Amino acid sequence: MKQLFKTTVLLTLFFTSISIVNSEESFALKEIRSTTANLARSADGVVLANCVKSEARIDEETGLIFTYTTFKVDEKLKGEYGDEIVLRIVGGTVGDKTISSPFLPRFTQNEDVILILGPNNTRGYPVLKSLSGGILRVETDDTGVKYVKTPVDGLEIIDSKTNQRAAGRDKVNLDNFIYSLNEVM
Amino acid sequence: MNIRYLPILMIMLSPFVAIQNSSAYHNLNNIFESTFVFRSLPGMPVNFEVDGGTLGGGNGLTIVQDACDEWDGLPNVPNFCGNLNQLETDITSSNFDSIVPQNDGVNTIVFDENGSILADLGVPGVLGLGLTTFNTASGLITDITILINGSIPSSASADLLATVIHEMGHTWGFAHVPIGGINTTNSVDGFDRISPSAIPTMYPFAIPQDDRFGRTLENDDLGAALLNYGP
């Protein structure tokens, strides 16, 4: 009976762990996981941006569908960019045809994000440094304070006002996040 | 309640916890619609045109064949792989557009030796990408392109064979599996950590302990295959 109890507890915890991990934003392909701090250190650019629009278009030459998402750059934390950047990522739906990239980030109009970027590709578009960690979603709480919704990995959060260590992995205050990120870049 | 009945209660509840996650492991993530629709292969086995270039400096065709053997070794499931026809041409970023048109019904495996094709597609730095084109109305897959990043040396940190097997799984219609995430995405105390060797191949990250564990399909991968293509 004791063994059965132990097994059952482990089984239940196992399913619960699946539930928790599964509730994270869906991302895919296969890649090597990296922390927010490491991505930012090695990035060519980091920007705080606001999504203007997102649309899928078909490339006549290849037949591939790409989703183009336009962002207004609100703050350049690293790298040189204009007032606007466009991400072009394979995948999307046009008419009755869908190209399913296992990962296609979805952006909503007027959404604030921090994008961690690599060098421009040969087509001239900036690319995300990482598909799973290169996008940090920013939201506003009930009091009007902006925070980073995406869990932050491997970055010590420092309070931008007191310069003291602040708690944070989930819902990190945006000012504190930017201040801390600047410290490691 | 008498604690003796607790294990029985937990056994009764555990399937309900599992059911909500069942779609996670047997199909492509539904990223375009809010409702779940399985994207199915129109027929099996699947024939592939294989890049004539190298993969990680070596013979990519051998790796692809080994990947096919792993999928085709699953019990009670028809063979996934058919003919592997190696092209004479080395597919690069400069000829990718003309050689790999999507939706021509020719399924292609591309060895992206310097990672530039993946960067052009907007997905740089990934180990691999499995693209499926499907008819939105019928749900049938009409074209497959698998791209493998040869610029990341195959090692225990990121294994090429494990990556090819993983991307093939996507093109059969299988989604990612979160099982094993507790090992790699966080370190929450109190959760039981499964053995890295038991992490399914459809797990979305290189297995940090040793990605070569991804060379063998696990029970969860078999479950996805049986559920969608089994008897």
# chains A, B, ... in the order shown; residues from 1 in each chain; ligands from 1
call {"tool": "interface_residues", "arguments": {"of": "chain B", "to": "chain A", "cutoff": "6 Å", "atoms": "only C-alpha atoms", "output": "number ranges by chain"}}
result
B: 7, 14, 18, 97, 101-102, 119-122, 126-129, 131-136, 178-179, 204-206
call {"tool": "closest_atom_pairs", "arguments": {"of": "region 88-150 of chain A", "to": "region 157-177 of chain A", "cutoff": "7 Å", "atoms": "only C-alpha atoms", "output": "Markdown table"}}
result
| residue | atom | partner | partner_atom | distance |
| --- | --- | --- | --- | --- |
| A:Lys146 | CA | A:Leu174 | CA | 5.5 |
| A:Tyr147 | CA | A:Asn173 | CA | 4.3 |
| A:Val148 | CA | A:Val172 | CA | 5.1 |
| A:Lys149 | CA | A:Lys171 | CA | 4.9 |
| A:Thr150 | CA | A:Asp170 | CA | 6.8 |
call {"tool": "residues_around", "arguments": {"residues": "region 137-149 of chain B", "least_positions_apart": "5", "cutoff": "7 Å", "atoms": "only C-alpha atoms", "output": "PyMOL selection string"}}
result
(chain A and resi 96) or (chain B and resi 38-42+102-113+115+126-132+164+167+171)
call {"tool": "select_by_dssp", "arguments": {"residues": "chain A", "states": "strand (DSSP E or B)", "output": "number ranges by chain"}}
result
A: 30-31, 45-58, 65-78, 84-90, 92-94, 97-100, 112-117, 128, 135-140, 146-148, 158, 165, 172-173
call {"tool": "closest_residue", "arguments": {"among": "A:Val145, A:Arg41, A:Val73, A:Ala49", "to": "Glu111 (chain A)", "atoms": "only C-alpha atoms"}}
result
A:Ala49
call {"tool": "select_by_dssp", "arguments": {"residues": "region 31-183 of chain B", "states": "helix (DSSP H, G or I)", "output": "number ranges by chain"}}
result
B: 60-72, 96-99, 116-120, 160-171, 181-183
call {"tool": "atom_distance", "arguments": {"atom1": "CA of Pro208 (chain B)", "atom2": "CA of Ala43 (chain A)"}}
result
22.0 Å
call {"tool": "residues_around", "arguments": {"residues": "Glu88 (chain B)", "least_positions_apart": "4", "cutoff": "12 Å", "atoms": "only C-alpha atoms", "output": "ChimeraX atom specification"}}
result
/B:49-54,99
call {"tool": "atom_distance", "arguments": {"atom1": "CA of Gly230 (chain B)", "atom2": "CA of Pro78 (chain B)"}}
result
7.4 Å
